[in-house]
Every structure is written in C-alpha cells, then in structure tokens.
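Novice: Sharing my_file-v7.txt (compact mmCIF, C-alpha atoms and all ligand atoms) below.
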```txt
# COMPACT_ATOMS: atom_id res chain seq x y z
CA MET A 116 0.00 0.00 0.00
CA THR A 117 1.41 3.39 -0.95
CA THR A 118 0.98 6.49 1.21
CA THR A 119 -2.46 8.05 0.96
CA ILE A 120 -2.09 11.56 -0.36
CA PRO A 121 -4.42 14.12 1.31
CA ALA A 122 -7.29 15.12 -1.03
CA THR A 123 -6.30 18.80 -0.88
CA THR A 124 -2.72 17.98 -1.89
CA LEU A 125 -3.97 15.76 -4.73
CA ALA A 126 -6.17 18.59 -5.97
CA ALA A 127 -3.27 21.06 -5.74
CA MET A 128 -0.97 18.71 -7.68
CA ALA A 129 -3.31 18.77 -10.66
CA HIS A 130 -2.69 22.52 -10.89
CA ILE A 131 1.10 22.52 -10.80
CA PRO A 132 2.42 23.40 -14.27
CA ALA A 133 4.96 20.92 -15.66
CA GLU A 134 7.52 23.68 -16.18
CA ARG A 135 7.61 24.28 -12.42
CA LEU A 136 8.71 20.69 -11.74
CA PRO A 137 12.46 21.47 -11.47
CA ALA A 138 11.82 24.30 -8.96
CA LEU A 139 9.47 22.02 -7.03
CA LEU A 140 12.06 19.21 -6.88
CA ARG A 141 14.73 21.63 -5.69
CA SER A 142 12.68 23.29 -2.96
CA MET A 143 10.55 20.45 -1.58
CA PRO A 144 11.49 19.29 1.93
CA LYS A 145 13.20 15.91 1.77
CA ALA A 146 15.31 13.46 3.76
CA GLU A 147 18.64 12.09 2.57
CA LEU A 148 19.11 8.56 3.92
CA HIS A 149 22.08 7.26 1.92
CA ILE A 150 25.14 9.47 2.02
CA HIS A 151 28.66 8.34 2.94
CA ILE A 152 30.30 11.31 4.60
CA GLU A 153 33.70 10.28 3.21
CA GLY A 154 32.07 10.38 -0.23
CA SER A 155 31.22 14.07 0.25
CA LEU A 156 34.91 15.00 0.39
CA GLU A 157 35.38 17.32 -2.59
CA PRO A 158 38.80 17.37 -4.32
CA GLU A 159 39.37 20.97 -3.15
CA LEU A 160 38.89 19.89 0.48
CA ILE A 161 41.11 16.80 -0.02
CA PHE A 162 43.90 19.14 -1.15
CA ALA A 163 43.27 21.64 1.67
CA LEU A 164 43.33 18.89 4.32
CA ALA A 165 46.45 17.30 2.80
CA GLU A 166 48.21 20.64 3.06
CA ARG A 167 46.98 21.26 6.62
CA ASN A 168 48.22 17.82 7.67
CA GLY A 169 51.53 17.99 5.77
CA LEU A 170 50.67 15.11 3.41
CA GLN A 171 51.77 14.66 -0.20
CA LEU A 172 49.04 13.47 -2.59
CA PRO A 173 49.83 11.29 -5.63
CA TYR A 174 48.06 13.87 -7.87
CA PRO A 175 49.60 17.24 -8.86
CA SER A 176 46.31 19.22 -8.78
CA VAL A 177 42.59 19.24 -8.01
CA GLU A 178 41.90 18.88 -11.73
CA ALA A 179 44.20 15.86 -12.03
CA LEU A 180 42.47 14.19 -9.10
CA ARG A 181 39.01 14.93 -10.48
CA SER A 182 39.96 13.56 -13.88
CA ALA A 183 40.78 10.22 -12.20
CA TYR A 184 37.07 9.87 -11.32
CA ALA A 185 36.21 7.56 -14.22
CA PHE A 186 34.83 4.35 -12.76
CA THR A 187 33.92 1.04 -14.34
CA ASN A 188 32.37 -0.66 -11.30
CA LEU A 189 32.07 -0.38 -7.51
CA GLN A 190 35.61 -1.59 -6.75
CA SER A 191 37.24 0.88 -9.15
CA PHE A 192 35.51 3.66 -7.20
CA LEU A 193 36.24 2.27 -3.73
CA ASP A 194 40.01 2.20 -4.41
CA ILE A 195 40.09 5.96 -5.04
CA TYR A 196 37.51 6.73 -2.33
CA TYR A 197 39.62 5.09 0.41
CA ALA A 198 42.73 6.92 -0.89
CA GLY A 199 40.86 10.26 -0.70
CA ALA A 200 39.79 9.59 2.90
CA SER A 201 43.42 9.16 3.97
CA VAL A 202 43.80 12.96 4.40
CA LEU A 203 41.42 12.85 7.41
CA LEU A 204 43.50 12.82 10.59
CA GLN A 205 42.28 15.35 13.17
CA GLU A 206 38.86 15.83 14.77
CA GLN A 207 38.62 19.19 12.99
CA ASP A 208 39.06 17.43 9.61
CA PHE A 209 36.00 15.25 10.25
CA TYR A 210 34.09 18.30 11.48
CA ASP A 211 34.97 20.40 8.42
CA MET A 212 34.02 17.59 6.02
CA ALA A 213 30.63 17.06 7.69
CA MET A 214 29.87 20.78 7.93
CA ALA A 215 30.59 21.21 4.22
CA TYR A 216 28.14 18.41 3.40
CA LEU A 217 25.45 19.62 5.81
CA GLU A 218 25.57 23.18 4.47
CA ARG A 219 25.15 21.80 0.94
CA ALA A 220 22.32 19.49 2.03
CA ALA A 221 20.47 22.30 3.82
CA ALA A 222 20.70 24.36 0.62
CA ASP A 223 18.99 21.42 -1.18
CA HIS A 224 16.13 21.60 1.39
CA VAL A 225 17.18 18.40 3.11
CA VAL A 226 15.42 18.60 6.49
CA ARG A 227 16.86 15.31 7.72
CA ALA A 228 20.16 13.61 6.86
CA GLU A 229 21.13 10.13 8.07
CA ILE A 230 24.84 9.93 7.41
CA PHE A 231 27.05 6.85 7.05
CA PHE A 232 30.60 6.92 8.31
CA ASP A 233 33.21 4.15 7.91
CA PRO A 234 35.30 4.13 11.11
CA GLN A 235 37.52 1.26 9.95
CA THR A 236 38.80 3.41 7.06
CA HIS A 237 40.30 5.67 9.74
CA THR A 238 41.07 3.44 12.72
CA GLU A 239 43.11 1.15 10.42
CA ARG A 240 45.36 4.19 9.77
CA GLY A 241 45.76 4.84 13.51
CA VAL A 242 43.10 7.55 13.89
CA PRO A 243 41.33 7.07 17.25
CA MET A 244 37.61 6.20 17.17
CA GLY A 245 36.82 9.23 19.39
CA THR A 246 38.45 11.62 16.90
CA VAL A 247 36.19 10.36 14.10
CA ILE A 248 32.90 10.25 16.01
CA GLN A 249 33.33 13.41 18.06
CA GLY A 250 34.24 15.49 14.99
CA LEU A 251 31.21 14.24 13.05
CA ALA A 252 28.81 14.54 16.01
CA ARG A 253 29.90 18.12 16.73
CA ALA A 254 29.14 19.00 13.10
CA CYS A 255 25.66 17.43 13.31
CA LYS A 256 24.89 19.50 16.40
CA ASP A 257 26.25 22.77 14.98
CA ALA A 258 24.47 22.24 11.64
CA GLN A 259 21.13 21.86 13.43
CA ALA A 260 21.75 25.15 15.27
CA ARG A 261 23.03 26.99 12.18
CA TRP A 262 20.80 25.72 9.35
CA GLY A 263 17.96 23.92 11.15
CA ILE A 264 18.84 20.57 9.53
CA SER A 265 18.30 17.41 11.60
CA ALA A 266 21.26 15.04 11.23
CA ALA A 267 22.10 11.62 12.65
CA LEU A 268 25.01 9.21 12.18
CA ILE A 269 25.03 5.54 11.07
CA LEU A 270 28.21 3.55 11.73
CA SER A 271 28.99 1.29 8.77
CA PHE A 272 31.09 -1.86 8.83
CA LEU A 273 33.36 -2.55 5.86
CA ARG A 274 32.19 -5.85 4.45
CA HIS A 275 35.52 -6.71 2.76
CA LEU A 276 36.96 -7.03 6.29
CA SER A 277 36.10 -9.83 8.74
CA GLU A 278 33.18 -10.10 11.11
CA ALA A 279 35.70 -10.17 13.99
CA ALA A 280 36.99 -6.76 12.82
CA ALA A 281 33.40 -5.47 12.77
CA LEU A 282 32.87 -6.71 16.33
CA GLU A 283 36.08 -4.98 17.47
CA THR A 284 34.93 -1.79 15.76
CA LEU A 285 31.58 -1.97 17.54
CA GLU A 286 33.26 -2.39 20.92
CA ALA A 287 35.57 0.57 20.23
CA ALA A 288 32.58 2.73 19.25
CA LEU A 289 30.33 1.85 22.19
CA PRO A 290 31.80 4.52 24.52
CA TYR A 291 30.39 7.02 21.95
CA ARG A 292 27.06 5.30 21.40
CA GLU A 293 24.97 8.38 22.19
CA HIS A 294 26.36 9.89 18.95
CA PHE A 295 25.08 7.30 16.44
CA ILE A 296 21.63 5.84 15.90
CA GLY A 297 22.26 2.93 13.57
CA ILE A 298 24.53 0.37 11.97
CA GLY A 299 25.13 -0.19 8.26
CA LEU A 300 27.17 -2.45 5.98
CA ASP A 301 29.06 -1.17 2.94
CA SER A 302 32.15 -1.57 0.69
CA SER A 303 32.79 -4.41 -1.81
CA GLU A 304 29.54 -6.31 -2.16
CA LEU A 305 30.31 -9.23 -4.47
CA GLY A 306 31.75 -12.15 -2.48
CA ASN A 307 30.84 -10.54 0.87
CA PRO A 308 27.20 -11.55 1.49
CA PRO A 309 25.22 -10.09 4.41
CA GLU A 310 25.20 -13.42 6.30
CA LYS A 311 28.96 -12.98 6.90
CA PHE A 312 27.89 -10.38 9.52
CA GLN A 313 25.01 -12.27 11.18
CA SER A 314 26.44 -12.30 14.73
CA VAL A 315 27.56 -8.69 14.85
CA PHE A 316 24.21 -7.49 13.52
CA GLU A 317 22.43 -9.62 16.13
CA ARG A 318 24.49 -7.93 18.81
CA CYS A 319 23.74 -4.48 17.37
CA ARG A 320 20.02 -5.31 17.36
CA GLU A 321 20.19 -6.33 21.04
CA LEU A 322 21.89 -3.01 21.74
CA GLY A 323 18.91 -1.18 20.20
CA PHE A 324 20.53 0.28 17.07
CA HIS A 325 18.63 0.78 13.83
CA LEU A 326 19.93 -1.63 11.18
CA VAL A 327 20.47 -1.09 7.46
CA ALA A 328 22.71 -2.73 4.84
CA HIS A 329 23.86 -2.19 1.28
CA ALA A 330 22.43 -5.05 -0.78
CA GLY A 331 21.53 -5.54 -4.43
CA GLU A 332 23.74 -2.70 -5.69
CA GLU A 333 25.89 -5.01 -7.83
CA GLY A 334 25.10 -8.16 -5.87
CA PRO A 335 22.26 -10.62 -6.58
CA PRO A 336 18.71 -10.62 -5.14
CA ASP A 337 19.86 -13.37 -2.74
CA TYR A 338 21.90 -10.74 -0.89
CA VAL A 339 18.76 -8.63 -0.42
CA TRP A 340 16.93 -11.68 0.91
CA SER A 341 19.67 -12.35 3.45
CA ALA A 342 19.89 -8.68 4.48
CA LEU A 343 16.16 -8.96 5.26
CA ASN A 344 15.99 -12.46 6.75
CA VAL A 345 19.40 -12.88 8.38
CA LEU A 346 20.45 -9.34 9.32
CA LYS A 347 16.83 -8.18 9.85
CA VAL A 348 17.48 -4.71 8.48
CA GLU A 349 14.93 -1.89 8.45
CA ARG A 350 16.04 -0.42 5.11
CA ILE A 351 17.92 -1.74 2.08
CA ASP A 352 20.60 0.55 0.68
CA HIS A 353 20.40 0.44 -3.15
CA GLY A 354 18.39 -2.77 -3.74
CA VAL A 355 18.00 -2.06 -7.46
CA GLN A 356 18.89 -5.67 -8.40
CA SER A 357 15.70 -6.82 -6.58
CA GLU A 358 13.84 -6.37 -9.84
CA LYS A 359 15.36 -9.66 -11.05
CA ASP A 360 13.33 -11.62 -8.45
CA TRP A 361 9.56 -11.35 -8.59
CA GLY A 362 9.07 -12.94 -5.16
CA LEU A 363 11.47 -10.44 -3.63
CA MET A 364 9.59 -7.55 -5.26
CA GLN A 365 6.40 -8.88 -3.67
CA ARG A 366 8.04 -9.07 -0.25
CA LEU A 367 9.49 -5.54 -0.52
CA ALA A 368 6.17 -4.08 -1.65
CA GLN A 369 4.07 -5.89 0.94
CA THR A 370 6.31 -4.89 3.84
CA ARG A 371 6.86 -1.32 2.53
CA MET A 372 10.59 -1.93 3.00
CA PRO A 373 12.41 1.31 2.14
CA LEU A 374 15.07 1.20 -0.61
CA THR A 375 17.59 4.05 -0.58
CA VAL A 376 18.30 4.32 -4.30
CA CYS A 377 21.16 6.46 -5.67
CA PRO A 378 20.64 7.18 -9.39
CA LEU A 379 23.84 9.09 -10.22
CA SER A 380 25.90 6.55 -8.29
CA ASN A 381 24.33 3.74 -10.31
CA LEU A 382 25.11 5.63 -13.51
CA LYS A 383 28.75 6.40 -12.60
CA LEU A 384 29.41 2.83 -11.39
CA CYS A 385 27.87 1.39 -14.58
CA VAL A 386 24.98 -0.39 -12.83
CA PHE A 387 22.77 1.20 -15.53
CA PRO A 388 24.18 2.37 -18.87
CA ASP A 389 22.00 5.49 -19.00
CA LEU A 390 19.70 7.30 -16.55
CA ARG A 391 16.85 6.79 -19.04
CA GLU A 392 17.16 3.09 -18.31
CA HIS A 393 17.24 3.41 -14.52
CA ASN A 394 14.61 1.17 -12.93
CA LEU A 395 13.53 3.58 -10.18
CA PRO A 396 10.28 4.51 -11.98
CA ARG A 397 9.40 0.82 -12.31
CA LEU A 398 10.23 0.09 -8.65
CA LEU A 399 8.03 3.00 -7.60
CA ALA A 400 5.19 1.93 -9.88
CA ALA A 401 5.42 -1.59 -8.41
CA GLY A 402 4.59 -0.10 -5.00
CA LEU A 403 8.07 -0.23 -3.47
CA HIS A 404 9.04 2.36 -0.85
CA VAL A 405 11.73 3.97 -2.98
CA THR A 406 13.78 7.05 -1.99
CA VAL A 407 16.34 9.19 -3.88
CA ASN A 408 19.82 9.80 -2.46
CA SER A 409 23.32 10.86 -3.50
CA ASP A 410 25.59 8.08 -2.05
CA ASP A 411 28.99 9.76 -2.66
CA PRO A 412 28.17 13.17 -4.13
CA ALA A 413 31.74 14.45 -4.50
CA TYR A 414 32.59 11.44 -6.70
CA PHE A 415 29.37 10.92 -8.67
CA GLY A 416 28.74 14.42 -9.97
CA GLY A 417 25.87 15.58 -7.82
CA TYR A 418 24.17 16.14 -4.49
CA VAL A 419 20.65 15.00 -3.75
CA ASN A 420 18.87 17.67 -5.81
CA ASP A 421 21.07 16.84 -8.81
CA ASN A 422 19.90 13.24 -8.43
CA TYR A 423 16.25 14.26 -8.45
CA LEU A 424 16.63 16.73 -11.32
CA GLN A 425 18.65 14.51 -13.63
CA LEU A 426 16.52 11.44 -12.94
CA PHE A 427 13.25 13.27 -13.58
CA ALA A 428 14.63 14.89 -16.76
CA ALA A 429 15.76 11.47 -18.05
CA THR A 430 12.70 9.41 -17.15
CA GLY A 431 9.80 11.83 -17.56
CA MET A 432 8.44 11.28 -14.06
CA GLY A 433 6.13 14.07 -12.86
CA VAL A 434 4.62 15.89 -9.89
CA GLN A 435 2.96 12.83 -8.32
CA GLU A 436 6.23 10.89 -8.29
CA ALA A 437 8.03 13.91 -6.84
CA TYR A 438 5.56 14.00 -3.97
CA GLN A 439 5.75 10.25 -3.41
CA LEU A 440 9.55 10.19 -3.35
CA ALA A 441 9.84 13.12 -0.93
CA ARG A 442 7.14 11.64 1.27
CA ASN A 443 8.82 8.22 1.19
CA SER A 444 12.15 9.75 2.25
CA LEU A 445 10.62 11.50 5.27
CA GLU A 446 8.66 8.41 6.33
CA ALA A 447 11.62 6.04 5.95
CA SER A 448 13.82 8.17 8.21
CA PHE A 449 14.53 7.16 11.79
CA ALA A 450 13.24 10.48 13.16
CA THR A 451 10.41 10.48 15.73
CA PRO A 452 6.82 10.02 14.51
CA ALA A 453 5.99 13.58 15.64
CA GLN A 454 8.91 15.01 13.65
CA LYS A 455 7.95 12.99 10.57
CA ALA A 456 4.33 14.17 10.81
CA ALA A 457 5.48 17.80 11.00
CA TRP A 458 7.67 17.40 7.90
CA GLY A 459 4.78 15.66 6.10
CA GLN A 460 2.60 18.72 6.74
CA GLN A 461 5.38 21.00 5.46
CA LEU A 462 5.53 18.89 2.32
CA ASP A 463 1.76 19.14 1.72
CA ALA A 464 1.82 22.90 2.26
CA HIS A 465 4.75 23.18 -0.11
CA PHE A 466 2.97 21.36 -2.93
CA ALA A 467 -0.19 23.45 -2.33
CA SER A 468 1.92 26.62 -2.66
CA PHE A 469 3.07 25.51 -6.15
CA ALA A 470 -0.47 25.16 -7.58
CA ALA A 471 -1.22 27.78 -10.24
N1 LIG A 501 31.00 3.01 0.25
C1 LIG A 501 30.83 4.24 -0.26
N2 LIG A 501 29.99 4.20 -1.30
C2 LIG A 501 29.61 2.92 -1.46
C3 LIG A 501 28.76 2.25 -2.35
N3 LIG A 501 28.09 2.87 -3.34
N4 LIG A 501 28.62 0.91 -2.21
C4 LIG A 501 29.27 0.26 -1.25
N5 LIG A 501 30.08 0.85 -0.39
C5 LIG A 501 30.26 2.17 -0.48
ZN ZN A 502 26.34 3.64 -0.43
```
Output the file's structure as structure tokens, nothing else.

Specialist:
Amino acid sequence: MTTTIPATTLAAMAHIPAERLPALLRSMPKAELHIHIEGSLEPELIFALAERNGLQLPYPSVEALRSAYAFTNLQSFLDIYYAGASVLLQEQDFYDMAMAYLERAAADHVVRAEIFFDPQTHTERGVPMGTVIQGLARACKDAQARWGISAALILSFLRHLSEAAALETLEAALPYREHFIGIGLDSSELGNPPEKFQSVFERCRELGFHLVAHAGEEGPPDYVWSALNVLKVERIDHGVQSEKDWGLMQRLAQTRMPLTVCPLSNLKLCVFPDLREHNLPRLLAAGLHVTVNSDDPAYFGGYVNDNYLQLFAATGMGVQEAYQLARNSLEASFATPAQKAAWGQQLDAHFASFAA
C-alpha cells in the first residue's frame, strides 16, 4: 500500500504546471538517507586537508584528481575513495568535512540527513575512534543550530573485512554510542554476502541500534533476501537488483521496506548504462518504498537535488512521483513520529503553494 495523499494535496498537484517541476524538486522538503560522509569529500577539500596535515598526494592538482574519477564498477571507485579519505587525521578534519556536506544538504532543502561513516577506514590508519565520532557529532549539532537541519550518524562496517573486525569496531565505538543511531554495511559487495555479519548485527540489534545494509547494488537478489531475513534490516541501501526476483519484489512491496536508491551513483558505477534506463520509476510503480539519495556526491557528480533533477529529466516522471519520493524519504527516516508528521505537513503545504 502506498501512502495516501491528502485530497487537498492531490487537488493542488493537478494545478502545478509541468515547467515548475524542477523548482518544485529543488525546494521540496526531503530526507537524505544514503550518504557516505567520506564520499562528500570534494577534491578541493582533499587538497586543503592534505596541506593542513603535511601530506603529499599522488596527484599534482585538483583537476588531475578529479579527472581520475572515471569508474567502471564499484571496486574501481572504492580504491580511489579510500585513498581520498586518507587525508582525514584530526577531529577538525571530520568536522569540516561534515559541515561542508550539511551546508550543501540544507541548501537542497534536506530537512533530515542520516549519514554513514566508515570508522575502519580511519582506525586502520591509527586515527582514534573518538576523533572520528566526536568530529562528526559536533558538526551534526552545529548544523542543526546553524541551518535547522536534523542530522544523525550511522556507523557502517566494511564488508571486505572480517566479522571479527566489525565486532572490534563496535566495541571501540560503544563509549560514543549516544552519537550514532544505527549500523550499516558497505564496501565491496560481491563475495561478501550479508550473512557474513550475522552475529555482529544480532548484537547491534540487542543493543537497540537501527539496522540497514547495502544489498543488491551489484550483488544478486539473494543478498537482499539475506539482508532482510538474516540481518533483519529496516532499510535496504540500493536494492535495485531486486527487480530480477519477482518474489522479492512482492516481499518488498508488501512490507513497505524502504530502498535508498542512488541514481547518479548507479550511472557512474555502470549499474545502468543510461539514466533513461534506470529502474527507479518501475520500482516506484510496483509499489516499493523507494527514496532518492546521493551516495557519494563528490565522486558521482551531484548532491541529492542533482539526483532528483537529472533522474526526472531522463525518465519523464512528474509531480505525483516527486511527492511520493519526498514523502517516502521523510517516512523512511529514523526520526520520531511527531517530527515525521510535522515534515509531512510542510511537504503538503509546499505542494499546495506551487499550484497555479
Ligand atoms: N562506500 C561508499 N559508497 C559505497 C557504495 N556505493 N557501495 C558500497 N560501499 C560504499
Ligand atoms: Zn552507499
């Protein structure tokens, strides 16, 4: 069952001229639920942090680094993404990175951001867990005060590493548990199925964390099944490969399981050859709880509004889909029911204000 749209909003939508769709997409209140903070590190900031920390980069200039962003699959991206993150050393570096993202997100009318961070990318280089989490958490707090954006952190385990390493990471992070609301699973998907992390996810569930996992980005529908049945996640990150399994589509639709889809990421990592062939419109039409997100905006050529604008331009989706996707994003967030209801009302008022 899809969200029931209030009759007044439905009536207003019929009077929104098609040419106002881009402005509507840009200004509508929305949640971003799939953003890796390390993937928001722009080349200019990588160079600035390298200089501040006295590090030499293997690229002579910002332009040279940016021109290396030509990916053929997930792994080709991850190699350069982990190299970029190596300039993050001090708490202030994590703070500056997160503030830059949150300012950009607030400008895109993101009212809620649920942000992944990969502690193992940093602790493996000797950066203390507290440095990472305290820098990011301070940014979330300051961004709320400065721009009114609600932000929360999701600690992600790197799935190419072992479950024992994930357990160690969890233990190291627990002294800072008030600063993150959930647990995720990311990095190289193929060959690293969700069930590899069954025990650590069980422990995280007992501890009361929200659970999500990347599944069905490049990997098969079976990985989505095991994220649901073994890890017992509350959202699937990506999930676009689910379309290959009719039974899985039924399960996702019937349970209104949110999928955090990232169109420009899928394009840049060659999951789809062209945005016109992206399956998001079909997933939405099949009744799935789809949302639009940026994944790693500094690497994939766009923040969340760029994802909406380019996807809508390529696929011909319209005002109704815009409403449904924004509404889905707010509802799939881990904010309180009262907060979600307030944002839902803002969304309805916003669409009404666009009617001619
Ligand atoms: N880490 C950062 N971006 C990712 C993606 N798209 N898939 C898996 N792991 C990631
Ligand atoms: Zn991701």

Novice: Neighbouring residues of ligand LIG 501 (chain A) are defined here as those with any atom at most 10 Å from a ligand atom, counting all atoms listed in the file; list them as number ranges by chain.

Specialist: A: 149-155, 188-190, 192-193, 196-197, 231-233, 271-275, 300-304, 328-333, 352-353, 376-377, 380-381, 383-384, 409-412, 414-415

Novice: List the spatial neighbours of Ala213 in chain A as a PyMOL selection string - criterion: any atom at most 8 Å away, all atoms listed in the file, same-chain residues fewer than 5 positions off excluded.

Specialist: chain A and resi 152+251+254-255

Novice: Do you know which residues lie at most 6 Å from (25.8, 9.4, 9.6), with coordinates as in the file and all atoms listed in the file counted, and could you write them as a ChimeraX atom specification?

Specialist: /A:229-232,267-269

Novice: Quick one: of A:Gln461, A:Arg397, A:Leu379, A:Leu440, who's nearest to ligand ZN 502 (chain A), counting all atoms listed in the file?

Specialist: A:Leu379

Novice: In Å, how far is it from CA of Ala228 in chain A to CA of Ala368 in chain A?

Specialist: 24.1 Å

Novice: Please, what distance in Å, to one decimal, runs between CA of Thr430 in chain A and CA of Tyr184 in chain A?

Specialist: 25.1 Å

Novice: Which value, in Å to one decimal, gives the distance between CA of Leu403 in chain A and CA of Arg219 in chain A?

Specialist: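 Value for the CA of Leu403 in chain A-CA of Arg219 in chain A distance: 28.2 Å.
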
Novice: Do a neighbour search on range 124-137 of chain A at 10 Å with only C-alpha atoms, toss out local chain neighbours closer than 3 positions, and write the hits as an mmCIF file with C-alpha atoms, in the coordinates of the input.

Specialist:
```cif
data_model
loop_
_atom_site.group_PDB
_atom_site.id
_atom_site.type_symbol
_atom_site.label_atom_id
_atom_site.label_comp_id
_atom_site.auth_asym_id
_atom_site.auth_seq_id
_atom_site.Cartn_x
_atom_site.Cartn_y
_atom_site.Cartn_z
ATOM 1 C CA THR A 119 -2.460 8.050 0.960
ATOM 2 C CA ILE A 120 -2.090 11.560 -0.360
ATOM 3 C CA PRO A 121 -4.420 14.120 1.310
ATOM 4 C CA LEU A 140 12.060 19.210 -6.880
ATOM 5 C CA ARG A 141 14.730 21.630 -5.690
ATOM 6 C CA SER A 142 12.680 23.290 -2.960
ATOM 7 C CA ASN A 420 18.870 17.670 -5.810
ATOM 8 C CA TYR A 423 16.250 14.260 -8.450
ATOM 9 C CA LEU A 424 16.630 16.730 -11.320
ATOM 10 C CA GLN A 425 18.650 14.510 -13.630
ATOM 11 C CA PHE A 427 13.250 13.270 -13.580
ATOM 12 C CA ALA A 428 14.630 14.890 -16.760
ATOM 13 C CA MET A 432 8.440 11.280 -14.060
ATOM 14 C CA GLY A 433 6.130 14.070 -12.860
ATOM 15 C CA VAL A 434 4.620 15.890 -9.890
ATOM 16 C CA GLN A 435 2.960 12.830 -8.320
ATOM 17 C CA ALA A 437 8.030 13.910 -6.840
ATOM 18 C CA TYR A 438 5.560 14.000 -3.970
ATOM 19 C CA LEU A 462 5.530 18.890 2.320
ATOM 20 C CA ASP A 463 1.760 19.140 1.720
ATOM 21 C CA ALA A 464 1.820 22.900 2.260
ATOM 22 C CA HIS A 465 4.750 23.180 -0.110
ATOM 23 C CA PHE A 466 2.970 21.360 -2.930
ATOM 24 C CA ALA A 467 -0.190 23.450 -2.330
ATOM 25 C CA SER A 468 1.920 26.620 -2.660
ATOM 26 C CA PHE A 469 3.070 25.510 -6.150
ATOM 27 C CA ALA A 470 -0.470 25.160 -7.580
ATOM 28 C CA ALA A 471 -1.220 27.780 -10.240
#
```

Novice: Pull the neighbourhood of (2.6, 6.9, 7.5) for me: all residues within 12 Å in file coordinates, counting all atoms listed in the file, as a PDB file with C-alpha atoms, in the coordinates of the input.

Specialist:
```pdb
ATOM      1  CA  MET A 116       0.000   0.000   0.000  1.00  0.00           C
ATOM      2  CA  THR A 117       1.410   3.390  -0.950  1.00  0.00           C
ATOM      3  CA  THR A 118       0.980   6.490   1.210  1.00  0.00           C
ATOM      4  CA  THR A 119      -2.460   8.050   0.960  1.00  0.00           C
ATOM      5  CA  ILE A 120      -2.090  11.560  -0.360  1.00  0.00           C
ATOM      6  CA  PRO A 121      -4.420  14.120   1.310  1.00  0.00           C
ATOM      7  CA  ARG A 371       6.860  -1.320   2.530  1.00  0.00           C
ATOM      8  CA  HIS A 404       9.040   2.360  -0.850  1.00  0.00           C
ATOM      9  CA  GLN A 439       5.750  10.250  -3.410  1.00  0.00           C
ATOM     10  CA  ARG A 442       7.140  11.640   1.270  1.00  0.00           C
ATOM     11  CA  ASN A 443       8.820   8.220   1.190  1.00  0.00           C
ATOM     12  CA  SER A 444      12.150   9.750   2.250  1.00  0.00           C
ATOM     13  CA  LEU A 445      10.620  11.500   5.270  1.00  0.00           C
ATOM     14  CA  GLU A 446       8.660   8.410   6.330  1.00  0.00           C
ATOM     15  CA  ALA A 447      11.620   6.040   5.950  1.00  0.00           C
ATOM     16  CA  SER A 448      13.820   8.170   8.210  1.00  0.00           C
ATOM     17  CA  THR A 451      10.410  10.480  15.730  1.00  0.00           C
ATOM     18  CA  PRO A 452       6.820  10.020  14.510  1.00  0.00           C
ATOM     19  CA  ALA A 453       5.990  13.580  15.640  1.00  0.00           C
ATOM     20  CA  GLN A 454       8.910  15.010  13.650  1.00  0.00           C
ATOM     21  CA  LYS A 455       7.950  12.990  10.570  1.00  0.00           C
ATOM     22  CA  ALA A 456       4.330  14.170  10.810  1.00  0.00           C
ATOM     23  CA  ALA A 457       5.480  17.800  11.000  1.00  0.00           C
ATOM     24  CA  TRP A 458       7.670  17.400   7.900  1.00  0.00           C
ATOM     25  CA  GLY A 459       4.780  15.660   6.100  1.00  0.00           C
ATOM     26  CA  GLN A 460       2.600  18.720   6.740  1.00  0.00           C
TER      27      GLN A 460
END
```

Novice: If I only have part of range 253-258 of chain A, can you fill in all heavy atoms and write it as a compact mmCIF listing (two decimals), keeping the file's coordinate frame?

Specialist:
```
# COMPACT_ATOMS: atom_id res chain seq x y z
N ARG A 253 29.89 16.67 16.47
CA ARG A 253 29.90 18.12 16.73
C ARG A 253 29.34 18.86 15.49
O ARG A 253 28.59 19.83 15.63
CB ARG A 253 31.33 18.56 17.05
CG ARG A 253 31.47 20.01 17.45
CD ARG A 253 32.75 20.24 18.27
NE ARG A 253 33.98 19.88 17.58
CZ ARG A 253 34.65 20.68 16.74
NH1 ARG A 253 34.21 21.89 16.48
NH2 ARG A 253 35.79 20.27 16.17
N ALA A 254 29.67 18.38 14.32
CA ALA A 254 29.14 19.00 13.10
C ALA A 254 27.61 18.85 13.03
O ALA A 254 26.90 19.78 12.67
CB ALA A 254 29.80 18.39 11.86
N CYS A 255 27.12 17.66 13.36
CA CYS A 255 25.66 17.43 13.31
C CYS A 255 24.95 18.42 14.24
O CYS A 255 23.92 19.00 13.88
CB CYS A 255 25.31 15.99 13.71
SG CYS A 255 25.85 14.78 12.49
N LYS A 256 25.50 18.61 15.42
CA LYS A 256 24.89 19.50 16.40
C LYS A 256 24.94 20.96 15.92
O LYS A 256 23.94 21.68 15.96
CB LYS A 256 25.66 19.34 17.72
CG LYS A 256 25.04 19.99 18.91
CD LYS A 256 25.65 19.38 20.18
CE LYS A 256 25.39 20.27 21.39
NZ LYS A 256 26.41 21.32 21.56
N ASP A 257 26.10 21.38 15.43
CA ASP A 257 26.25 22.77 14.98
C ASP A 257 25.39 23.04 13.73
O ASP A 257 24.86 24.14 13.57
CB ASP A 257 27.72 23.07 14.66
CG ASP A 257 28.56 23.21 15.94
OD1 ASP A 257 27.99 23.10 17.05
OD2 ASP A 257 29.79 23.41 15.83
N ALA A 258 25.26 22.05 12.86
CA ALA A 258 24.47 22.24 11.64
C ALA A 258 22.99 22.43 11.99
O ALA A 258 22.29 23.23 11.36
CB ALA A 258 24.64 21.05 10.71
```
